[in-house]
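What follows is the content of entry_36.txt, which has compact mmCIF, C-alpha atoms and all ligand atoms:
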```
# COMPACT_ATOMS: atom_id res chain seq x y z
CA MET E 1 -1.05 -25.11 26.14
CA CYS E 2 -1.94 -28.03 23.89
CA ALA E 3 1.58 -29.47 24.11
CA LEU E 4 1.78 -29.26 27.89
CA THR E 5 -1.71 -30.71 28.34
CA ALA E 6 -0.94 -33.67 26.08
CA GLY E 7 2.51 -34.09 27.67
CA GLN E 8 0.97 -34.21 31.14
CA ARG E 9 -1.24 -37.01 29.87
CA GLY E 10 1.84 -39.03 28.94
CA LYS E 11 1.90 -38.26 25.22
CA ARG E 12 5.21 -37.80 23.41
CA VAL E 13 5.02 -34.26 22.05
CA LEU E 14 7.21 -32.30 19.64
CA VAL E 15 6.56 -28.60 19.01
CA VAL E 16 7.93 -27.42 15.67
CA GLU E 17 8.37 -23.63 15.59
CA HIS E 18 9.88 -21.81 12.62
CA ALA E 19 10.70 -18.65 14.56
CA ASN E 20 13.83 -18.45 16.70
CA ARG E 21 11.73 -18.60 19.89
CA VAL E 22 8.22 -19.59 20.86
CA GLY E 23 5.46 -17.27 22.04
CA LYS E 24 6.58 -14.07 20.35
CA LYS E 25 3.04 -12.73 20.31
CA ILE E 26 2.70 -13.41 24.00
CA LEU E 27 5.90 -11.43 24.57
CA MET E 28 4.66 -8.39 22.64
CA SER E 29 1.07 -8.59 23.88
CA GLY E 30 -0.56 -6.16 26.27
CA GLY E 31 2.29 -3.67 25.90
CA GLY E 32 4.74 -6.30 27.19
CA ARG E 33 2.51 -7.32 30.10
CA CYS E 34 0.25 -9.83 28.33
CA ASN E 35 -3.46 -9.41 28.88
CA PHE E 36 -3.60 -13.18 29.39
CA THR E 37 -7.34 -13.62 29.97
CA ASN E 38 -10.61 -11.88 30.61
CA LEU E 39 -12.70 -12.83 33.64
CA GLY E 40 -15.89 -12.36 31.63
CA ALA E 41 -14.84 -14.39 28.58
CA ALA E 42 -18.01 -15.86 27.10
CA PRO E 43 -19.09 -17.04 23.63
CA ALA E 44 -20.71 -13.64 22.97
CA ASN E 45 -17.22 -12.08 22.94
CA TYR E 46 -16.18 -14.03 19.84
CA LEU E 47 -16.84 -13.63 16.12
CA SER E 48 -17.26 -16.81 14.13
CA ALA E 49 -19.44 -18.03 11.27
CA ASN E 50 -20.75 -20.51 13.84
CA PRO E 51 -21.13 -18.59 17.13
CA HIS E 52 -21.84 -21.86 19.00
CA PHE E 53 -18.54 -23.54 18.07
CA CYS E 54 -16.42 -21.93 20.79
CA LYS E 55 -18.86 -22.76 23.62
CA SER E 56 -17.67 -26.23 24.55
CA ALA E 57 -13.94 -25.47 24.75
CA LEU E 58 -14.48 -22.17 26.60
CA ALA E 59 -16.70 -23.92 29.15
CA ARG E 60 -14.18 -26.68 29.80
CA TYR E 61 -11.12 -24.44 30.23
CA THR E 62 -12.14 -21.18 31.87
CA PRO E 63 -10.28 -18.00 32.82
CA ARG E 64 -10.22 -19.42 36.38
CA ASP E 65 -8.26 -22.44 35.15
CA PHE E 66 -5.61 -20.25 33.57
CA ILE E 67 -5.48 -17.96 36.63
CA GLU E 68 -4.92 -21.03 38.80
CA LEU E 69 -1.91 -21.90 36.61
CA VAL E 70 -0.59 -18.32 36.75
CA GLU E 71 -0.95 -18.26 40.54
CA ARG E 72 0.73 -21.65 40.92
CA HIS E 73 3.75 -20.13 39.15
CA GLY E 74 3.73 -17.15 41.49
CA ILE E 75 3.09 -14.64 38.68
CA ALA E 76 1.70 -11.39 40.03
CA TYR E 77 -1.15 -9.87 38.03
CA HIS E 78 -3.75 -7.14 38.19
CA GLU E 79 -7.09 -6.23 36.67
CA LYS E 80 -6.75 -3.19 34.44
CA GLU E 81 -10.07 -2.49 32.81
CA PRO E 82 -12.92 -4.60 34.22
CA GLY E 83 -12.13 -8.27 33.60
CA GLN E 84 -8.81 -7.72 31.80
CA LEU E 85 -5.96 -9.45 33.63
CA PHE E 86 -2.36 -8.35 32.97
CA CYS E 87 0.99 -9.43 34.42
CA ASP E 88 2.39 -6.95 36.92
CA VAL E 89 5.93 -7.39 35.63
CA SER E 90 6.33 -8.91 32.18
CA SER E 91 4.72 -11.18 29.61
CA LYS E 92 8.03 -13.08 29.61
CA LEU E 93 6.74 -14.76 32.76
CA ILE E 94 3.79 -16.27 30.87
CA VAL E 95 6.09 -17.71 28.20
CA LYS E 96 8.42 -19.03 30.92
CA MET E 97 5.47 -20.58 32.73
CA LEU E 98 4.32 -22.40 29.59
CA LEU E 99 7.87 -23.52 28.79
CA ASP E 100 8.41 -24.75 32.36
CA GLU E 101 5.16 -26.72 32.21
CA CYS E 102 6.23 -28.18 28.85
CA ALA E 103 9.64 -29.13 30.24
CA THR E 104 8.05 -30.86 33.25
CA ALA E 105 5.70 -32.73 30.92
CA GLY E 106 8.62 -33.86 28.74
CA VAL E 107 7.62 -31.83 25.68
CA ARG E 108 10.39 -31.37 23.11
CA ILE E 109 10.55 -28.00 21.37
CA GLU E 110 12.44 -27.32 18.14
CA THR E 111 12.77 -23.63 17.28
CA SER E 112 14.13 -22.16 14.00
CA CYS E 113 12.76 -25.29 12.40
CA SER E 114 10.91 -24.63 9.16
CA ILE E 115 8.50 -27.19 7.76
CA GLU E 116 9.00 -28.02 4.10
CA ARG E 117 6.27 -30.54 3.55
CA VAL E 118 3.50 -32.33 5.44
CA GLY E 119 2.40 -35.73 4.21
CA HIS E 120 -0.22 -38.11 5.47
CA GLY E 121 -0.46 -41.87 5.11
CA ASP E 122 -1.53 -45.01 6.94
CA ALA E 123 1.17 -44.50 9.57
CA GLY E 124 0.04 -40.94 10.35
CA PHE E 125 1.58 -37.58 9.53
CA HIS E 126 5.08 -37.02 8.16
CA LEU E 127 6.76 -33.65 8.50
CA ARG E 128 9.78 -32.88 6.37
CA THR E 129 11.60 -30.09 8.18
CA ALA E 130 14.91 -28.31 8.03
CA ARG E 131 16.02 -30.68 10.83
CA GLY E 132 14.86 -33.93 9.27
CA THR E 133 11.64 -35.87 9.02
CA TYR E 134 9.26 -36.53 11.90
CA SER E 135 6.31 -38.90 11.94
CA ALA E 136 3.40 -38.90 14.36
CA PRO E 137 -0.10 -40.32 14.61
CA ALA E 138 -1.49 -36.83 15.30
CA LEU E 139 -0.76 -33.33 14.03
CA VAL E 140 -1.99 -30.16 15.73
CA VAL E 141 -1.92 -27.02 13.60
CA ALA E 142 -1.42 -23.98 15.84
CA CYS E 143 0.13 -21.58 13.34
CA GLY E 144 -1.94 -18.54 14.32
CA GLY E 145 -3.20 -15.94 11.86
CA LEU E 146 -1.64 -13.47 9.44
CA SER E 147 -1.25 -10.53 11.82
CA ILE E 148 2.23 -9.08 12.34
CA PRO E 149 4.27 -11.07 9.79
CA SER E 150 7.46 -9.75 11.41
CA MET E 151 6.58 -11.85 14.50
CA GLY E 152 6.52 -15.14 12.57
CA ALA E 153 2.95 -15.07 11.27
CA SER E 154 2.44 -16.99 8.05
CA GLY E 155 -0.47 -18.38 6.09
CA PHE E 156 0.88 -21.89 6.64
CA GLY E 157 -1.98 -23.06 8.86
CA TYR E 158 -4.54 -22.10 6.21
CA ALA E 159 -2.50 -23.81 3.47
CA LEU E 160 -2.34 -27.00 5.55
CA ALA E 161 -6.09 -26.87 6.14
CA GLN E 162 -6.68 -26.62 2.40
CA GLN E 163 -4.17 -29.38 1.70
CA PHE E 164 -6.30 -31.65 3.88
CA GLY E 165 -9.57 -30.61 2.26
CA HIS E 166 -10.74 -28.14 4.90
CA ALA E 167 -12.57 -24.98 3.89
CA VAL E 168 -10.91 -21.72 4.91
CA LEU E 169 -13.23 -18.76 5.32
CA PRO E 170 -11.96 -15.44 3.91
CA THR E 171 -9.45 -13.81 6.24
CA ARG E 172 -9.14 -10.13 7.10
CA ALA E 173 -7.43 -7.97 9.67
CA GLY E 174 -9.27 -7.47 12.98
CA LEU E 175 -8.65 -5.31 16.06
CA VAL E 176 -6.93 -2.89 13.72
CA PRO E 177 -6.79 0.90 13.26
CA LEU E 178 -8.99 2.29 10.49
CA THR E 179 -7.68 4.58 7.77
CA LEU E 180 -9.36 7.64 6.29
CA THR E 181 -8.75 9.16 2.88
CA GLY E 182 -9.55 12.35 0.96
CA LYS E 183 -11.46 15.08 2.76
CA HIS E 184 -12.19 12.74 5.68
CA GLN E 185 -8.50 12.40 6.37
CA GLU E 186 -7.67 16.04 5.63
CA ARG E 187 -10.24 17.20 8.17
CA LEU E 188 -8.69 15.22 11.02
CA ALA E 189 -5.06 14.47 10.15
CA ASP E 190 -3.58 17.44 12.02
CA LEU E 191 -5.44 16.39 15.19
CA SER E 192 -3.28 13.26 15.45
CA GLY E 193 -2.83 12.33 19.13
CA VAL E 194 -6.20 13.68 20.29
CA ALA E 195 -8.14 11.01 22.24
CA PHE E 196 -11.56 10.97 23.88
CA PRO E 197 -14.29 8.50 24.87
CA VAL E 198 -16.87 7.48 22.26
CA THR E 199 -19.34 4.72 21.62
CA ALA E 200 -18.57 3.18 18.23
CA ARG E 201 -21.41 1.36 16.49
CA CYS E 202 -21.33 -0.84 13.40
CA ASN E 203 -23.44 -3.72 12.11
CA GLY E 204 -25.25 -4.19 15.42
CA ALA E 205 -22.11 -4.17 17.58
CA GLN E 206 -21.20 -1.27 19.86
CA PHE E 207 -18.19 -0.50 22.05
CA SER E 208 -17.68 2.33 24.50
CA ASN E 209 -14.07 3.28 25.09
CA PHE E 210 -11.45 5.75 23.86
CA MET E 211 -10.90 6.77 20.26
CA LEU E 212 -7.51 8.08 19.21
CA LEU E 213 -7.06 10.24 16.11
CA THR E 214 -3.93 9.28 14.15
CA HIS E 215 -2.35 10.96 11.15
CA ARG E 216 -3.72 8.20 8.90
CA GLY E 217 -7.10 7.67 10.53
CA VAL E 218 -8.50 6.48 13.84
CA SER E 219 -7.43 4.00 16.47
CA GLY E 220 -7.87 3.43 20.23
CA PRO E 221 -9.77 0.60 21.92
CA ALA E 222 -13.28 1.60 20.76
CA ILE E 223 -12.13 1.68 17.13
CA LEU E 224 -10.04 -1.52 17.37
CA GLN E 225 -13.04 -3.35 18.80
CA VAL E 226 -15.51 -2.11 16.21
CA SER E 227 -13.01 -2.70 13.37
CA SER E 228 -13.67 -6.44 13.64
CA TYR E 229 -17.30 -5.79 12.71
CA TRP E 230 -16.56 -3.28 9.94
CA GLN E 231 -15.84 -3.82 6.27
CA PRO E 232 -15.29 -1.14 3.60
CA GLY E 233 -18.57 0.54 2.76
CA ASP E 234 -20.25 -0.34 6.05
CA ASP E 235 -21.95 2.39 8.05
CA LEU E 236 -19.90 3.33 11.12
CA ARG E 237 -21.34 5.75 13.65
CA LEU E 238 -19.89 7.33 16.77
CA ASP E 239 -21.63 8.74 19.79
CA LEU E 240 -19.18 11.51 20.67
CA LEU E 241 -20.74 12.10 24.11
CA PRO E 242 -21.36 8.56 25.38
CA GLY E 243 -23.49 8.32 28.48
CA GLN E 244 -24.55 11.98 28.18
CA ASP E 245 -27.80 13.56 27.10
CA ALA E 246 -26.27 15.77 24.39
CA LEU E 247 -29.35 18.00 24.05
CA ALA E 248 -29.57 18.59 27.80
CA SER E 249 -25.84 19.44 27.89
CA LEU E 250 -26.21 21.92 25.03
CA GLN E 251 -29.27 23.52 26.66
CA ARG E 252 -27.39 23.82 29.94
CA LEU E 253 -24.43 25.46 28.18
CA ARG E 254 -26.75 27.83 26.27
CA ALA E 255 -28.20 28.97 29.58
CA ALA E 256 -24.80 29.28 31.27
CA ARG E 257 -22.93 30.94 28.38
CA PRO E 258 -25.41 32.62 26.01
CA ALA E 259 -22.80 34.87 24.39
CA ALA E 260 -20.30 32.06 23.65
CA GLU E 261 -20.14 30.41 20.24
CA LEU E 262 -21.10 26.79 19.71
CA ARG E 263 -17.52 25.72 19.05
CA THR E 264 -16.40 27.31 22.32
CA VAL E 265 -19.01 25.55 24.43
CA LEU E 266 -18.47 22.25 22.59
CA GLY E 267 -14.86 22.59 23.70
CA GLU E 268 -16.16 21.96 27.21
CA LEU E 269 -17.68 18.63 26.16
CA LEU E 270 -15.02 17.44 23.72
CA PRO E 271 -11.29 18.09 23.20
CA ARG E 272 -11.15 21.74 22.20
CA ARG E 273 -9.39 21.25 18.83
CA PHE E 274 -11.72 18.45 17.81
CA ALA E 275 -14.76 20.55 18.80
CA GLN E 276 -13.51 23.39 16.62
CA ARG E 277 -12.94 21.08 13.67
CA LEU E 278 -16.35 19.50 14.11
CA CYS E 279 -17.95 22.94 13.92
CA GLU E 280 -15.88 24.07 10.93
CA ALA E 281 -16.15 20.90 8.85
CA TRP E 282 -19.46 19.33 9.83
CA LEU E 283 -21.72 21.87 11.49
CA HIS E 284 -20.84 25.15 9.83
CA ALA E 285 -22.93 24.62 6.69
CA LEU E 286 -25.95 23.90 8.87
CA HIS E 287 -25.25 26.39 11.62
CA PRO E 288 -22.86 29.23 10.80
CA ALA E 289 -20.95 30.59 13.79
CA ARG E 290 -23.18 32.58 16.13
CA PRO E 291 -23.74 32.94 19.88
CA MET E 292 -25.47 30.13 21.72
CA ARG E 293 -28.44 32.33 22.58
CA GLN E 294 -29.34 32.39 18.87
CA PHE E 295 -29.81 28.59 18.76
CA ASN E 296 -33.40 27.51 19.31
CA ASP E 297 -34.29 24.06 20.64
CA PRO E 298 -34.86 22.38 17.23
CA GLN E 299 -31.45 23.65 16.10
CA LEU E 300 -29.77 22.38 19.26
CA ARG E 301 -31.55 19.08 18.66
CA GLU E 302 -29.90 18.90 15.22
CA VAL E 303 -26.48 19.51 16.76
CA ALA E 304 -27.18 16.92 19.48
CA ALA E 305 -28.25 14.40 16.84
CA LEU E 306 -24.93 14.80 15.03
CA LEU E 307 -22.98 14.48 18.29
CA GLY E 308 -24.82 11.27 19.15
CA ASP E 309 -24.61 9.69 15.72
CA TRP E 310 -21.54 11.07 13.95
CA PRO E 311 -20.77 9.24 10.70
CA LEU E 312 -17.15 8.19 10.35
CA VAL E 313 -16.28 7.40 6.74
CA ALA E 314 -13.33 5.01 6.92
CA SER E 315 -11.70 3.79 3.74
CA GLY E 316 -9.85 0.73 5.00
CA THR E 317 -7.72 -0.71 7.78
CA GLU E 318 -4.03 -0.56 8.57
CA GLY E 319 -3.97 -4.25 7.60
CA TYR E 320 -2.08 -7.22 8.99
CA ARG E 321 1.00 -5.11 9.71
CA THR E 322 -0.65 -3.73 12.85
CA ALA E 323 -3.75 -5.91 13.34
CA GLU E 324 -3.96 -7.81 16.62
CA VAL E 325 -5.88 -10.68 15.09
CA THR E 326 -7.01 -12.31 11.86
CA LEU E 327 -10.73 -12.79 11.35
CA GLY E 328 -11.96 -15.82 9.41
CA GLY E 329 -9.80 -18.90 8.98
CA VAL E 330 -10.34 -22.65 9.17
CA ASP E 331 -14.06 -23.26 8.84
CA THR E 332 -15.42 -24.68 12.11
CA ASP E 333 -17.87 -26.83 10.15
CA GLY E 334 -15.01 -29.24 9.49
CA LEU E 335 -13.96 -29.50 13.15
CA SER E 336 -15.30 -31.10 16.31
CA SER E 337 -16.09 -28.35 18.82
CA SER E 338 -15.21 -30.57 21.78
CA THR E 339 -11.79 -31.77 20.53
CA MET E 340 -10.82 -29.44 17.63
CA GLN E 341 -10.20 -32.58 15.58
CA SER E 342 -10.84 -32.65 11.85
CA ARG E 343 -14.11 -34.32 10.99
CA HIS E 344 -12.61 -36.11 8.03
CA ILE E 345 -8.89 -36.66 8.78
CA PRO E 346 -8.51 -38.48 12.11
CA GLY E 347 -5.54 -37.18 14.09
CA LEU E 348 -5.54 -33.72 12.51
CA TYR E 349 -6.38 -30.81 14.84
CA PHE E 350 -6.62 -27.01 14.47
CA ILE E 351 -6.44 -24.71 17.50
CA GLY E 352 -6.11 -21.03 18.36
CA GLU E 353 -6.30 -18.15 15.96
CA VAL E 354 -5.98 -20.20 12.76
CA VAL E 355 -9.56 -21.34 13.43
CA ASP E 356 -12.48 -19.09 12.50
CA VAL E 357 -12.97 -17.91 16.09
CA THR E 358 -11.86 -14.35 16.88
CA GLY E 359 -12.18 -12.62 20.21
CA TRP E 360 -12.68 -9.03 21.20
CA LEU E 361 -9.86 -6.91 22.53
CA GLY E 362 -9.17 -7.56 26.21
CA GLY E 363 -7.67 -11.03 26.79
CA TYR E 364 -10.33 -12.98 24.91
CA ASN E 365 -8.01 -14.17 22.15
CA PHE E 366 -5.53 -15.73 24.55
CA GLN E 367 -8.39 -17.36 26.44
CA TRP E 368 -9.51 -18.94 23.15
CA ALA E 369 -5.93 -20.08 22.44
CA TRP E 370 -5.67 -21.65 25.93
CA ALA E 371 -9.14 -23.22 25.82
CA SER E 372 -8.91 -24.66 22.31
CA GLY E 373 -5.35 -25.87 22.99
CA HIS E 374 -6.51 -27.55 26.17
CA ALA E 375 -9.45 -29.20 24.37
CA ALA E 376 -7.12 -30.71 21.76
CA GLY E 377 -4.49 -31.61 24.36
CA MET E 378 -7.10 -33.61 26.29
CA ALA E 379 -8.23 -35.43 23.16
CA LEU E 380 -4.91 -36.39 21.61
C1 LIG H 401 0.56 -6.86 19.08
C2 LIG H 401 -0.40 -7.90 19.58
C3 LIG H 401 -0.85 -7.82 20.88
C4 LIG H 401 -1.78 -8.77 21.35
N1 LIG H 401 -2.20 -8.66 22.63
C5 LIG H 401 -3.10 -9.55 23.10
C6 LIG H 401 -3.52 -9.53 24.46
O1 LIG H 401 -3.00 -8.73 25.26
N2 LIG H 401 -4.47 -10.42 24.85
C7 LIG H 401 -5.02 -11.34 24.00
O2 LIG H 401 -5.87 -12.12 24.41
N3 LIG H 401 -4.60 -11.42 22.72
C8 LIG H 401 -3.66 -10.56 22.25
N4 LIG H 401 -3.24 -10.66 20.96
C9 LIG H 401 -3.76 -11.76 20.11
C10 LIG H 401 -3.02 -13.05 20.49
O3 LIG H 401 -1.62 -12.79 20.49
C11 LIG H 401 -3.31 -14.17 19.50
O4 LIG H 401 -4.68 -14.31 19.30
C12 LIG H 401 -2.74 -15.49 20.03
O5 LIG H 401 -1.34 -15.36 20.16
C13 LIG H 401 -3.08 -16.64 19.10
O6 LIG H 401 -2.41 -17.77 19.57
P1 LIG H 401 -2.00 -18.93 18.55
O7 LIG H 401 -1.20 -19.90 19.35
O8 LIG H 401 -3.18 -19.42 17.82
O9 LIG H 401 -1.07 -18.22 17.47
P2 LIG H 401 0.32 -17.45 17.65
O10 LIG H 401 0.49 -16.93 19.03
O11 LIG H 401 0.38 -16.49 16.52
O12 LIG H 401 1.39 -18.59 17.46
C14 LIG H 401 1.56 -19.22 16.22
C15 LIG H 401 2.96 -19.77 16.18
O13 LIG H 401 3.11 -20.55 14.99
C16 LIG H 401 4.37 -20.23 14.43
N5 LIG H 401 4.31 -20.52 12.99
C17 LIG H 401 3.63 -19.84 12.05
N6 LIG H 401 3.85 -20.37 10.84
C18 LIG H 401 4.69 -21.43 11.04
C19 LIG H 401 5.28 -22.37 10.18
N7 LIG H 401 5.09 -22.32 8.86
N8 LIG H 401 6.10 -23.33 10.71
C20 LIG H 401 6.32 -23.36 12.05
N9 LIG H 401 5.80 -22.48 12.92
C21 LIG H 401 4.97 -21.51 12.42
C22 LIG H 401 4.56 -18.76 14.73
O14 LIG H 401 5.93 -18.40 14.65
C23 LIG H 401 4.02 -18.68 16.14
O15 LIG H 401 4.97 -18.94 17.12
C24 LIG H 401 -2.28 -9.77 20.48
C25 LIG H 401 -1.79 -9.84 19.18
C26 LIG H 401 -0.86 -8.92 18.72
C27 LIG H 401 -0.36 -9.05 17.32
```
Go ahead and express the file in the form of structure tokens.
Amino acid sequence: MCALTAGQRGKRVLVVEHANRVGKKILMSGGGRCNFTNLGAAPANYLSANPHFCKSALARYTPRDFIELVERHGIAYHEKEPGQLFCDVSSKLIVKMLLDECATAGVRIETSCSIERVGHGDAGFHLRTARGTYSAPALVVACGGLSIPSMGASGFGYALAQQFGHAVLPTRAGLVPLTLTGKHQERLADLSGVAFPVTARCNGAQFSNFMLLTHRGVSGPAILQVSSYWQPGDDLRLDLLPGQDALASLQRLRAARPAAELRTVLGELLPRRFAQRLCEAWLHALHPARPMRQFNDPQLREVAALLGDWPLVASGTEGYRTAEVTLGGVDTDGLSSSTMQSRHIPGLYFIGEVVDVTGWLGGYNFQWAWASGHAAGMAL
């Protein structure tokens, strides 16, 4: 996006890519259909030490701008969950669109080209690469984060930032499944594959969507979203009956099925196997198995309280191997929010995921990549 924007403005642009092709993450994104933007993308959907930093770029290149580009290239798309736009056919079309725009703008792209050294002097930046040395008055670092090393991710962008005196905020995996250990894992491991809607809450953030139990822990969109707000030791709570009045549901079931056991009636509100496990492992000590008619209102209130605020004790995350994004990164304090240019090295820019701006799940991260790339491309 940055290269094509600068190219369209008449700049001579070279993209140096160490992988054998560009846009690998676009290709694998959205299950191969690239969730390329989110209609509701707004600063509140991003995590950053400075929540104001992303505002300018997002306002100047909006989801509408990217949709206009997608439509101009005749790429069919649809809205999956509210606001989330996906290609109908393949994410390959997004990469082709960007490459076509680059070609029209005269952008040169070198793939399988590793960078050995970056120097900086009066004449600008000097890149020593496997294909020779290149010099330019400006250098845009768009190396992405650490997620999915097998797709070309490297810590190179952070190393460059540090080389040029920029602070890099601690990085960690985001939008990532959480792992459980010990009794927490043992209690749920054999339910791998069970999924149901929850509201996941952590550190003031909350997300309502599906949770998926895995044999190592928990995943699914609600968990991926909340994982970006969670760190080991943090309190993580799940409402297992989102949007429902749990007490009213239990009272209704007590009236309808007085002879049934709690775990049987809970099986009507939750996946049956999970309901059973919940009763055995979490509720049994408090309320040994007995018919519903033997539960009084205060006891049902206790059960409802657990259903609405179930503590999930995660031990860690699946890490960069499966994370969709990297939290943290190049400190925005050292960058101009309108151009992405370094505040102390003229001509040096950082865009996309390498910067300490991380979006929610749902097309927000690409929108940041497009918007920050566009901001730099307009300033070069
Ligand atoms: C599985 C998966 C699915 C995703 N799905 C979505 C989605 O549907 N919607 C969404 O909004 N976001 C999604 N994301 C997140 C999104 O892909 C990233 O946030 C986005 O690609 C970041 O763009 P970027 O240009 O900053 O970095 P990247 O897309 O990571 O690009 C960085 C490029 O720099 C290259 N590079 C790295 N190191 C070097 C080096 N030393 N020398 C030369 N080149 C180098 C890499 O090979 C890569 O091509 C997904 C991520 C993953 C992992």
Using only C-alpha atoms, can you tell me which of E:Leu58, E:Ala44, E:Leu175, E:Cys34 comes closest to Glu79 in chain E?
E:Cys34
Counting all atoms listed in the file, which residue out of E:Gln299, E:Gln251, E:Gln244, E:Ser90 sits closest to Val198 in chain E?
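Looking only at the distances to Val198 in chain E, the closest residue turns out to be E:Gln244.
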Counting all atoms listed in the file, which protein, DNA or RNA residues come within 8 Å of ligand LIG 401 (chain H), given as a ChimeraX atom specification?
/E:16-19,21-26,28-31,33-38,86,113-115,142-148,151-157,322-325,351-355,358-359,361-369
I'd like the neighbourhood of Pro170 in chain E as a CSV table (one decimal) with C-alpha atoms, keeping the file's coordinate frame, where a residue qualifies if any of its atoms comes within 9 Å (using only C-alpha atoms), though same-chain residues fewer than 6 positions away should be ignored.
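Generated file (around-v3.csv):
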```
chain,number,residue,atom,x,y,z
E,327,LEU,CA,-10.7,-12.8,11.4
E,328,GLY,CA,-12.0,-15.8,9.4
E,329,GLY,CA,-9.8,-18.9,9.0
```
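Pairwise distance (CA of Ser135 in chain E, CA of Thr111 in chain E) equals 17.4 Å.
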Rank nothing, just name the residue among E:Pro291, E:Pro149, E:Gly334, E:Pro63 nearest to Arg254 in chain E, using only C-alpha atoms.
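So, comparing all the options, the nearest one is E:Pro291.
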Could you state the separation of CA of Arg187 in chain E and CA of Leu253 in chain E in Å, given to one decimal place?
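Between CA of Arg187 in chain E and CA of Leu253 in chain E the gap works out to 25.9 Å.
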Exercise: Asp331 in chain E partners within 12 Å, all atoms listed in the file, chain neighbours under 2 positions left out, as number ranges by chain
E: 48-51, 53, 158, 161-162, 165-171, 327-329, 333-337, 340, 342-343, 350-351, 353-357
Computed gap from CA of Gly83 in chain E to CA of Met97 in chain E is 21.5 Å
Return the single residue from E:Gly106, E:Gly40, E:Gly7, E:Pro137 that is closest to Leu348 in chain E, with distances computed using only C-alpha atoms.
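Counting only C-alpha atoms, the residue closest to Leu348 in chain E is E:Pro137.
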Nearest to Ala379 in chain E by atom-to-atom distance, counting only C-alpha atoms, from E:Leu270, E:Leu14, E:Leu85, E:Val140
E:Val140
Spatial sel., origin (-3.4, -30.8, 26.2), limit 9 Å, all atoms listed in the file, listed as a short mmCIF file (atom, residue, chain, number, x, y, z; two decimals) with C-alpha atoms, in the coordinates of the input:
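Everything below was put into selection_17.cif:
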```
data_model
loop_
_atom_site.label_atom_id
_atom_site.label_comp_id
_atom_site.auth_asym_id
_atom_site.auth_seq_id
_atom_site.Cartn_x
_atom_site.Cartn_y
_atom_site.Cartn_z
CA MET E 1 -1.05 -25.11 26.14
CA CYS E 2 -1.94 -28.03 23.89
CA ALA E 3 1.58 -29.47 24.11
CA LEU E 4 1.78 -29.26 27.89
CA THR E 5 -1.71 -30.71 28.34
CA ALA E 6 -0.94 -33.67 26.08
CA GLY E 7 2.51 -34.09 27.67
CA GLN E 8 0.97 -34.21 31.14
CA ARG E 9 -1.24 -37.01 29.87
CA GLY E 373 -5.35 -25.87 22.99
CA HIS E 374 -6.51 -27.55 26.17
CA ALA E 375 -9.45 -29.20 24.37
CA ALA E 376 -7.12 -30.71 21.76
CA GLY E 377 -4.49 -31.61 24.36
CA MET E 378 -7.10 -33.61 26.29
CA ALA E 379 -8.23 -35.43 23.16
CA LEU E 380 -4.91 -36.39 21.61
#
```
Calculated over only C-alpha atoms, which of the candidates E:Asn203, E:Thr214, E:Ser372, E:Ser91 has the smallest distance to Trp230 in chain E?
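Of all the options, E:Asn203 lies closest to Trp230 in chain E.
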Mind listing as a PyMOL selection string all residues within 8 Å of (1.3, -41.5, 15.4), counting all atoms listed in the file?
chain E and resi 123-125+135-138
With all atoms listed in the file as the counted atoms, please give the residues lying no more than 12 Å from range 278-286 of chain E, apart from itself and same-chain residues fewer than 2 positions off, as number ranges by chain.
E: 183-188, 191, 240, 261-267, 270-276, 288-290, 295, 299-300, 302-307, 310-312
Tell me, as a VMD selection string, which residues lie within 12 Å of His73 in chain E, counting all atoms listed in the file; anything in the same chain fewer than 5 positions away does not count.
chain E and resid 66 to 68 93 to 101
Would you kindly return, as a ChimeraX atom specification, each protein, DNA or RNA residue with an atom no farther than 8 Å from any atom of Arg108 in chain E, considering all atoms listed in the file and excluding same-chain residues fewer than 6 positions away?
/E:13-15,102
